[in-house]
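Text of my_file_29.txt, listed as compact mmCIF, N, CA and C atoms and all ligand atoms:
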```txt
# COMPACT_ATOMS: atom_id res chain seq x y z
N MET A 36 39.64 -14.99 -19.24
CA MET A 36 39.12 -15.15 -20.61
C MET A 36 40.16 -15.82 -21.50
N ALA A 37 41.41 -15.37 -21.36
CA ALA A 37 42.49 -15.97 -22.15
C ALA A 37 42.65 -17.44 -21.78
N ALA A 38 42.53 -17.73 -20.46
CA ALA A 38 42.68 -19.11 -20.00
C ALA A 38 41.57 -19.99 -20.59
N LEU A 39 40.37 -19.44 -20.63
CA LEU A 39 39.25 -20.20 -21.18
C LEU A 39 39.48 -20.49 -22.67
N ALA A 40 39.94 -19.47 -23.39
CA ALA A 40 40.21 -19.65 -24.82
C ALA A 40 41.25 -20.73 -25.04
N PHE A 41 42.25 -20.75 -24.18
CA PHE A 41 43.29 -21.77 -24.31
C PHE A 41 42.70 -23.16 -24.09
N LEU A 42 41.86 -23.29 -23.08
CA LEU A 42 41.26 -24.59 -22.78
C LEU A 42 40.40 -25.08 -23.94
N VAL A 43 39.65 -24.18 -24.51
CA VAL A 43 38.78 -24.54 -25.63
C VAL A 43 39.63 -24.99 -26.81
N ALA A 44 40.71 -24.24 -27.10
CA ALA A 44 41.58 -24.58 -28.22
C ALA A 44 42.25 -25.93 -27.98
N ALA A 45 42.71 -26.16 -26.76
CA ALA A 45 43.40 -27.41 -26.43
C ALA A 45 42.44 -28.59 -26.57
N ALA A 46 41.20 -28.39 -26.18
CA ALA A 46 40.22 -29.47 -26.26
C ALA A 46 39.87 -29.78 -27.71
N ALA A 47 39.95 -28.76 -28.56
CA ALA A 47 39.55 -28.95 -29.96
C ALA A 47 40.61 -29.72 -30.74
N LEU A 48 41.86 -29.62 -30.34
CA LEU A 48 42.93 -30.23 -31.12
C LEU A 48 42.81 -31.75 -31.28
N PRO A 49 42.68 -32.51 -30.20
CA PRO A 49 42.59 -33.97 -30.40
C PRO A 49 41.37 -34.37 -31.22
N ALA A 50 40.28 -33.63 -31.03
CA ALA A 50 39.06 -33.96 -31.76
C ALA A 50 39.28 -33.79 -33.26
N ALA A 51 40.01 -32.76 -33.64
CA ALA A 51 40.24 -32.50 -35.06
C ALA A 51 41.09 -33.61 -35.67
N ALA A 52 42.00 -34.17 -34.88
CA ALA A 52 42.91 -35.18 -35.40
C ALA A 52 42.29 -36.58 -35.36
N ALA A 53 41.27 -36.76 -34.53
CA ALA A 53 40.72 -38.10 -34.33
C ALA A 53 39.95 -38.57 -35.55
N ALA A 54 39.96 -39.88 -35.75
CA ALA A 54 39.18 -40.46 -36.84
C ALA A 54 37.70 -40.40 -36.50
N ALA A 55 36.90 -40.31 -37.52
CA ALA A 55 35.45 -40.25 -37.33
C ALA A 55 34.86 -41.66 -37.36
N THR A 56 33.66 -41.77 -36.82
CA THR A 56 32.92 -43.03 -36.90
C THR A 56 31.66 -42.79 -37.72
N HIS A 57 31.41 -43.67 -38.67
CA HIS A 57 30.24 -43.55 -39.54
C HIS A 57 29.39 -44.82 -39.38
N THR A 58 28.11 -44.68 -39.60
CA THR A 58 27.22 -45.83 -39.46
C THR A 58 26.48 -46.10 -40.76
N VAL A 59 26.48 -47.37 -41.16
CA VAL A 59 25.63 -47.82 -42.26
C VAL A 59 24.57 -48.72 -41.62
N THR A 60 23.32 -48.38 -41.82
CA THR A 60 22.24 -49.19 -41.29
C THR A 60 21.79 -50.19 -42.36
N ILE A 61 21.61 -51.42 -41.95
CA ILE A 61 21.07 -52.43 -42.87
C ILE A 61 19.64 -52.69 -42.43
N GLU A 62 18.73 -52.30 -43.30
CA GLU A 62 17.31 -52.49 -42.96
C GLU A 62 16.50 -52.61 -44.24
N GLY A 63 15.51 -53.46 -44.20
CA GLY A 63 14.66 -53.66 -45.36
C GLY A 63 15.45 -54.19 -46.55
N MET A 64 16.48 -55.01 -46.26
CA MET A 64 17.33 -55.60 -47.30
C MET A 64 18.08 -54.54 -48.11
N LYS A 65 18.44 -53.44 -47.42
CA LYS A 65 19.22 -52.39 -48.08
C LYS A 65 20.28 -51.86 -47.15
N PHE A 66 21.36 -51.37 -47.75
CA PHE A 66 22.37 -50.62 -47.01
C PHE A 66 21.98 -49.15 -47.09
N VAL A 67 21.92 -48.50 -45.93
CA VAL A 67 21.55 -47.08 -45.89
C VAL A 67 22.63 -46.31 -45.11
N PRO A 68 23.34 -45.35 -45.74
CA PRO A 68 23.17 -44.92 -47.13
C PRO A 68 23.80 -45.90 -48.11
N ALA A 69 23.35 -45.87 -49.35
CA ALA A 69 23.86 -46.76 -50.38
C ALA A 69 25.28 -46.35 -50.79
N GLU A 70 25.61 -45.09 -50.59
CA GLU A 70 26.99 -44.67 -50.84
C GLU A 70 27.44 -43.78 -49.69
N LEU A 71 28.62 -44.09 -49.18
CA LEU A 71 29.16 -43.35 -48.04
C LEU A 71 30.62 -43.03 -48.33
N THR A 72 31.01 -41.79 -48.07
CA THR A 72 32.40 -41.37 -48.27
C THR A 72 33.03 -41.11 -46.91
N VAL A 73 34.17 -41.73 -46.69
CA VAL A 73 34.89 -41.59 -45.42
C VAL A 73 36.36 -41.34 -45.71
N LYS A 74 37.10 -41.07 -44.64
CA LYS A 74 38.54 -40.89 -44.78
C LYS A 74 39.26 -42.13 -44.27
N LYS A 75 40.40 -42.40 -44.88
CA LYS A 75 41.24 -43.51 -44.45
C LYS A 75 41.48 -43.40 -42.94
N GLY A 76 41.31 -44.48 -42.23
CA GLY A 76 41.48 -44.47 -40.78
C GLY A 76 40.19 -44.27 -40.02
N ASP A 77 39.13 -43.88 -40.72
CA ASP A 77 37.83 -43.75 -40.06
C ASP A 77 37.26 -45.13 -39.75
N ARG A 78 36.34 -45.15 -38.80
CA ARG A 78 35.65 -46.38 -38.45
C ARG A 78 34.26 -46.38 -39.07
N VAL A 79 33.89 -47.51 -39.64
CA VAL A 79 32.53 -47.66 -40.18
C VAL A 79 31.86 -48.80 -39.42
N VAL A 80 30.66 -48.54 -38.96
CA VAL A 80 29.89 -49.56 -38.25
C VAL A 80 28.67 -49.91 -39.09
N TRP A 81 28.55 -51.18 -39.42
CA TRP A 81 27.34 -51.65 -40.11
C TRP A 81 26.42 -52.23 -39.05
N LYS A 82 25.22 -51.69 -38.97
CA LYS A 82 24.24 -52.14 -37.97
C LYS A 82 23.12 -52.89 -38.70
N ASN A 83 23.00 -54.16 -38.38
CA ASN A 83 21.96 -54.96 -39.01
C ASN A 83 20.66 -54.88 -38.22
N GLN A 84 19.71 -54.16 -38.75
CA GLN A 84 18.42 -54.00 -38.06
C GLN A 84 17.35 -54.89 -38.67
N ASP A 85 17.78 -55.78 -39.59
CA ASP A 85 16.83 -56.73 -40.15
C ASP A 85 16.72 -57.96 -39.24
N VAL A 86 15.80 -58.87 -39.59
CA VAL A 86 15.61 -60.07 -38.78
C VAL A 86 16.34 -61.27 -39.39
N VAL A 87 17.15 -61.00 -40.42
CA VAL A 87 17.97 -62.05 -41.03
C VAL A 87 19.42 -61.57 -41.04
N PRO A 88 20.38 -62.52 -41.10
CA PRO A 88 21.78 -62.09 -41.16
C PRO A 88 22.15 -61.50 -42.52
N HIS A 89 23.14 -60.63 -42.50
CA HIS A 89 23.67 -60.03 -43.72
C HIS A 89 25.19 -59.97 -43.60
N THR A 90 25.84 -59.66 -44.73
CA THR A 90 27.27 -59.36 -44.70
C THR A 90 27.49 -58.03 -45.41
N ALA A 91 28.65 -57.45 -45.18
CA ALA A 91 29.14 -56.31 -45.97
C ALA A 91 30.49 -56.76 -46.51
N THR A 92 30.51 -57.08 -47.81
CA THR A 92 31.68 -57.75 -48.39
C THR A 92 32.15 -57.03 -49.65
N ALA A 93 33.36 -56.53 -49.61
CA ALA A 93 33.99 -55.90 -50.78
C ALA A 93 35.22 -56.72 -51.12
N ALA A 94 35.19 -57.34 -52.27
CA ALA A 94 36.30 -58.21 -52.67
C ALA A 94 37.63 -57.46 -52.56
N GLY A 95 38.57 -58.04 -51.84
CA GLY A 95 39.89 -57.45 -51.72
C GLY A 95 40.02 -56.28 -50.75
N ALA A 96 38.90 -55.88 -50.15
CA ALA A 96 38.98 -54.71 -49.25
C ALA A 96 38.52 -55.04 -47.84
N PHE A 97 37.32 -55.58 -47.72
CA PHE A 97 36.84 -55.93 -46.38
C PHE A 97 35.73 -56.97 -46.48
N ASP A 98 35.54 -57.70 -45.41
CA ASP A 98 34.49 -58.72 -45.36
C ASP A 98 34.03 -58.88 -43.91
N SER A 99 32.79 -58.53 -43.67
CA SER A 99 32.26 -58.60 -42.31
C SER A 99 31.99 -60.04 -41.87
N ARG A 100 31.84 -60.94 -42.87
CA ARG A 100 31.22 -62.25 -42.62
C ARG A 100 29.82 -62.01 -42.07
N SER A 101 29.21 -63.05 -41.55
CA SER A 101 27.79 -62.92 -41.19
C SER A 101 27.58 -61.98 -40.00
N ILE A 102 26.73 -60.99 -40.21
CA ILE A 102 26.31 -60.10 -39.12
C ILE A 102 24.91 -60.55 -38.73
N ALA A 103 24.78 -61.09 -37.55
CA ALA A 103 23.48 -61.62 -37.11
C ALA A 103 22.45 -60.50 -37.00
N ALA A 104 21.20 -60.88 -37.04
CA ALA A 104 20.11 -59.92 -36.86
C ALA A 104 20.31 -59.17 -35.55
N GLY A 105 20.19 -57.87 -35.61
CA GLY A 105 20.31 -57.05 -34.41
C GLY A 105 21.74 -56.76 -33.97
N LYS A 106 22.71 -57.31 -34.70
CA LYS A 106 24.12 -57.10 -34.33
C LYS A 106 24.77 -56.09 -35.26
N SER A 107 26.01 -55.74 -34.94
CA SER A 107 26.73 -54.82 -35.80
C SER A 107 28.16 -55.29 -36.00
N TRP A 108 28.81 -54.71 -37.00
CA TRP A 108 30.21 -55.02 -37.30
C TRP A 108 30.93 -53.70 -37.51
N SER A 109 32.05 -53.58 -36.83
CA SER A 109 32.81 -52.34 -36.85
C SER A 109 34.14 -52.59 -37.55
N HIS A 110 34.53 -51.66 -38.40
CA HIS A 110 35.74 -51.87 -39.21
C HIS A 110 36.42 -50.53 -39.45
N VAL A 111 37.73 -50.50 -39.22
CA VAL A 111 38.51 -49.30 -39.53
C VAL A 111 39.04 -49.45 -40.96
N VAL A 112 38.66 -48.51 -41.82
CA VAL A 112 39.02 -48.64 -43.24
C VAL A 112 40.44 -48.14 -43.48
N ARG A 113 41.20 -48.93 -44.20
CA ARG A 113 42.61 -48.63 -44.44
C ARG A 113 42.92 -48.46 -45.92
N LYS A 114 42.10 -49.02 -46.77
CA LYS A 114 42.44 -49.09 -48.19
C LYS A 114 41.69 -48.01 -48.97
N PRO A 115 42.41 -47.01 -49.47
CA PRO A 115 41.72 -45.96 -50.22
C PRO A 115 41.13 -46.50 -51.52
N GLY A 116 40.08 -45.85 -51.97
CA GLY A 116 39.48 -46.24 -53.24
C GLY A 116 37.98 -46.27 -53.14
N ARG A 117 37.41 -46.71 -54.23
CA ARG A 117 35.95 -46.80 -54.32
C ARG A 117 35.60 -48.27 -54.25
N HIS A 118 35.04 -48.70 -53.13
CA HIS A 118 34.80 -50.11 -52.89
C HIS A 118 33.31 -50.43 -53.03
N ALA A 119 32.98 -51.10 -54.11
CA ALA A 119 31.62 -51.61 -54.25
C ALA A 119 31.52 -52.83 -53.35
N TYR A 120 30.46 -52.95 -52.58
CA TYR A 120 30.31 -54.13 -51.73
C TYR A 120 28.89 -54.67 -51.80
N VAL A 121 28.76 -55.91 -51.39
CA VAL A 121 27.46 -56.60 -51.45
C VAL A 121 27.24 -57.35 -50.14
N CYS A 122 26.04 -57.86 -50.00
CA CYS A 122 25.77 -58.88 -48.99
C CYS A 122 25.89 -60.22 -49.73
N THR A 123 26.78 -61.09 -49.24
CA THR A 123 26.99 -62.34 -49.97
C THR A 123 25.77 -63.26 -49.89
N PHE A 124 24.90 -63.05 -48.90
CA PHE A 124 23.69 -63.87 -48.78
C PHE A 124 22.62 -63.39 -49.76
N HIS A 125 22.64 -62.09 -50.05
CA HIS A 125 21.63 -61.47 -50.91
C HIS A 125 22.35 -60.57 -51.90
N PRO A 126 22.87 -61.15 -52.99
CA PRO A 126 23.73 -60.38 -53.90
C PRO A 126 23.06 -59.17 -54.53
N GLY A 127 21.75 -59.08 -54.42
CA GLY A 127 21.06 -57.89 -54.92
C GLY A 127 21.26 -56.68 -54.01
N MET A 128 21.76 -56.91 -52.81
CA MET A 128 22.03 -55.82 -51.88
C MET A 128 23.41 -55.25 -52.20
N LYS A 129 23.43 -54.04 -52.76
CA LYS A 129 24.69 -53.44 -53.20
C LYS A 129 24.83 -52.05 -52.61
N ALA A 130 26.08 -51.70 -52.34
CA ALA A 130 26.38 -50.35 -51.86
C ALA A 130 27.83 -50.04 -52.16
N THR A 131 28.22 -48.81 -51.88
CA THR A 131 29.59 -48.38 -52.17
C THR A 131 30.16 -47.62 -50.98
N LEU A 132 31.40 -47.97 -50.64
CA LEU A 132 32.13 -47.22 -49.62
C LEU A 132 33.32 -46.56 -50.32
N VAL A 133 33.33 -45.23 -50.27
CA VAL A 133 34.44 -44.48 -50.87
C VAL A 133 35.39 -44.10 -49.73
N VAL A 134 36.65 -44.53 -49.86
CA VAL A 134 37.65 -44.21 -48.84
C VAL A 134 38.65 -43.23 -49.44
N GLN A 135 38.74 -42.05 -48.87
CA GLN A 135 39.62 -41.01 -49.41
C GLN A 135 40.96 -41.00 -48.70
CU CU A 201 21.84 -59.83 -46.84
```
For the structure just supplied, provide its representation as structure tokens.
Amino acid sequence: MAALAFLVAAAALPAAAAAATHTVTIEGMKFVPAELTVKKGDRVVWKNQDVVPHTATAAGAFDSRSIAAGKSWSHVVRKPGRHAYVCTFHPGMKATLVVQ
């Protein structure tokens, strides 16, 4: 029993330290969720499920460039702050990534 407890504890340690992965879905000309809060070092994946290309672009923070229909873009966030971002092809598409 003690050995099992040790194994469980040991397995939990790397998981607790590891960065998380979050997904933003792009569909219907929207970023979903419109606001996402993550921790510095986490990975964010934008998945474009529309039939047209989009970008996820935050001036001075990150820029996916064109994400083709059906493709995704993965980015490890390094810069803390509240980053408003848009799709440069469709400036009405707005969202916010909060990096803590
Ligand atoms: Cu777009």
Practice task
Write out as a ChimeraX atom specification each polymer residue (protein, DNA or RNA) that has an atom no more than 7 Å from ligand CU 201 (chain A), with only N, CA and C atoms and all ligand atoms counted.
Solution key: /A:64,87-90,121-126,128
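Across A:Ala93, A:Ala54, A:Val86, A:Ala69, the tightest approach to Tyr120 of chain A is made by A:Ala93 when counting all atoms listed in the file.
Reported to one decimal place, the separation of atom CA of Gly105 of chain A from atom C of Arg117 of chain A is 26.5 Å.
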Exercise for the section: Run DSSP on the backbone and give me the residues of chain A it puts in helix (DSSP H, G or I), as number ranges by chain. Expected result: A: 37-52
Near segment 70-74 of chain A, counting only N, CA and C atoms, which residues have an atom at most 5 Å away, once you skip same-chain residues fewer than 4 positions from it, shown as a compact mmCIF listing (two decimals) with N, CA and C atoms, in the coordinates of the input?
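This went into part-v2.txt:
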```txt
# COMPACT_ATOMS: atom_id res chain seq x y z
N THR A 131 28.22 -48.81 -51.88
CA THR A 131 29.59 -48.38 -52.17
C THR A 131 30.16 -47.62 -50.98
N LEU A 132 31.40 -47.97 -50.64
CA LEU A 132 32.13 -47.22 -49.62
C LEU A 132 33.32 -46.56 -50.32
N VAL A 133 33.33 -45.23 -50.27
CA VAL A 133 34.44 -44.48 -50.87
C VAL A 133 35.39 -44.10 -49.73
N VAL A 134 36.65 -44.53 -49.86
CA VAL A 134 37.65 -44.21 -48.84
C VAL A 134 38.65 -43.23 -49.44
N GLN A 135 38.74 -42.05 -48.87
CA GLN A 135 39.62 -41.01 -49.41
C GLN A 135 40.96 -41.00 -48.70
```
Exercise for the section: Find the residues near Ala94 of chain A: any atom within 9 Å, counting only C-alpha atoms, skip ones fewer than 3 places away on the same chain, and give them as a PyMOL selection string. Expected result: chain A and resi 97-98+118-120
Exercise for the section: Just give me the gap between atom N of Arg113 of chain A and atom CA of Gly76 of chain A in Å, one decimal is fine. Expected result: 5.6 Å
For Phe66 of chain A, please output as a compact mmCIF listing (two decimals) with N, CA and C atoms, in the frame of the given file all residues within 7 Å (counting only N, CA and C atoms; exclusion window: fewer than 6 positions along the same chain).
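File out-v7.txt, as written:
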```txt
# COMPACT_ATOMS: atom_id res chain seq x y z
N VAL A 59 26.48 -47.37 -41.16
CA VAL A 59 25.63 -47.82 -42.26
C VAL A 59 24.57 -48.72 -41.62
N THR A 60 23.32 -48.38 -41.82
CA THR A 60 22.24 -49.19 -41.29
C THR A 60 21.79 -50.19 -42.36
N MET A 128 21.76 -56.91 -52.81
CA MET A 128 22.03 -55.82 -51.88
C MET A 128 23.41 -55.25 -52.20
N LYS A 129 23.43 -54.04 -52.76
CA LYS A 129 24.69 -53.44 -53.20
C LYS A 129 24.83 -52.05 -52.61
N ALA A 130 26.08 -51.70 -52.34
CA ALA A 130 26.38 -50.35 -51.86
C ALA A 130 27.83 -50.04 -52.16
```
Exercise for the section: State, in Å with one decimal place, the distance from atom N of Pro115 of chain A to atom C of Gly95 of chain A. Expected result: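 Spanning atom N of Pro115 of chain A to atom C of Gly95 of chain A is a straight-line distance of 9.7 Å.
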Practice task
Do a neighbour search on segment 79-84 of chain A at 7 Å with only C-alpha atoms, toss out local chain neighbours closer than 4 positions, and write the hits as a list in words.
Solution key: Thr56, His57, Thr58, Val59, Thr60, Ile61, Glu62, Ile102, Ala104, Gly105, Lys106, Ser107, Trp108, Ser109, His110 and Val111 of chain A
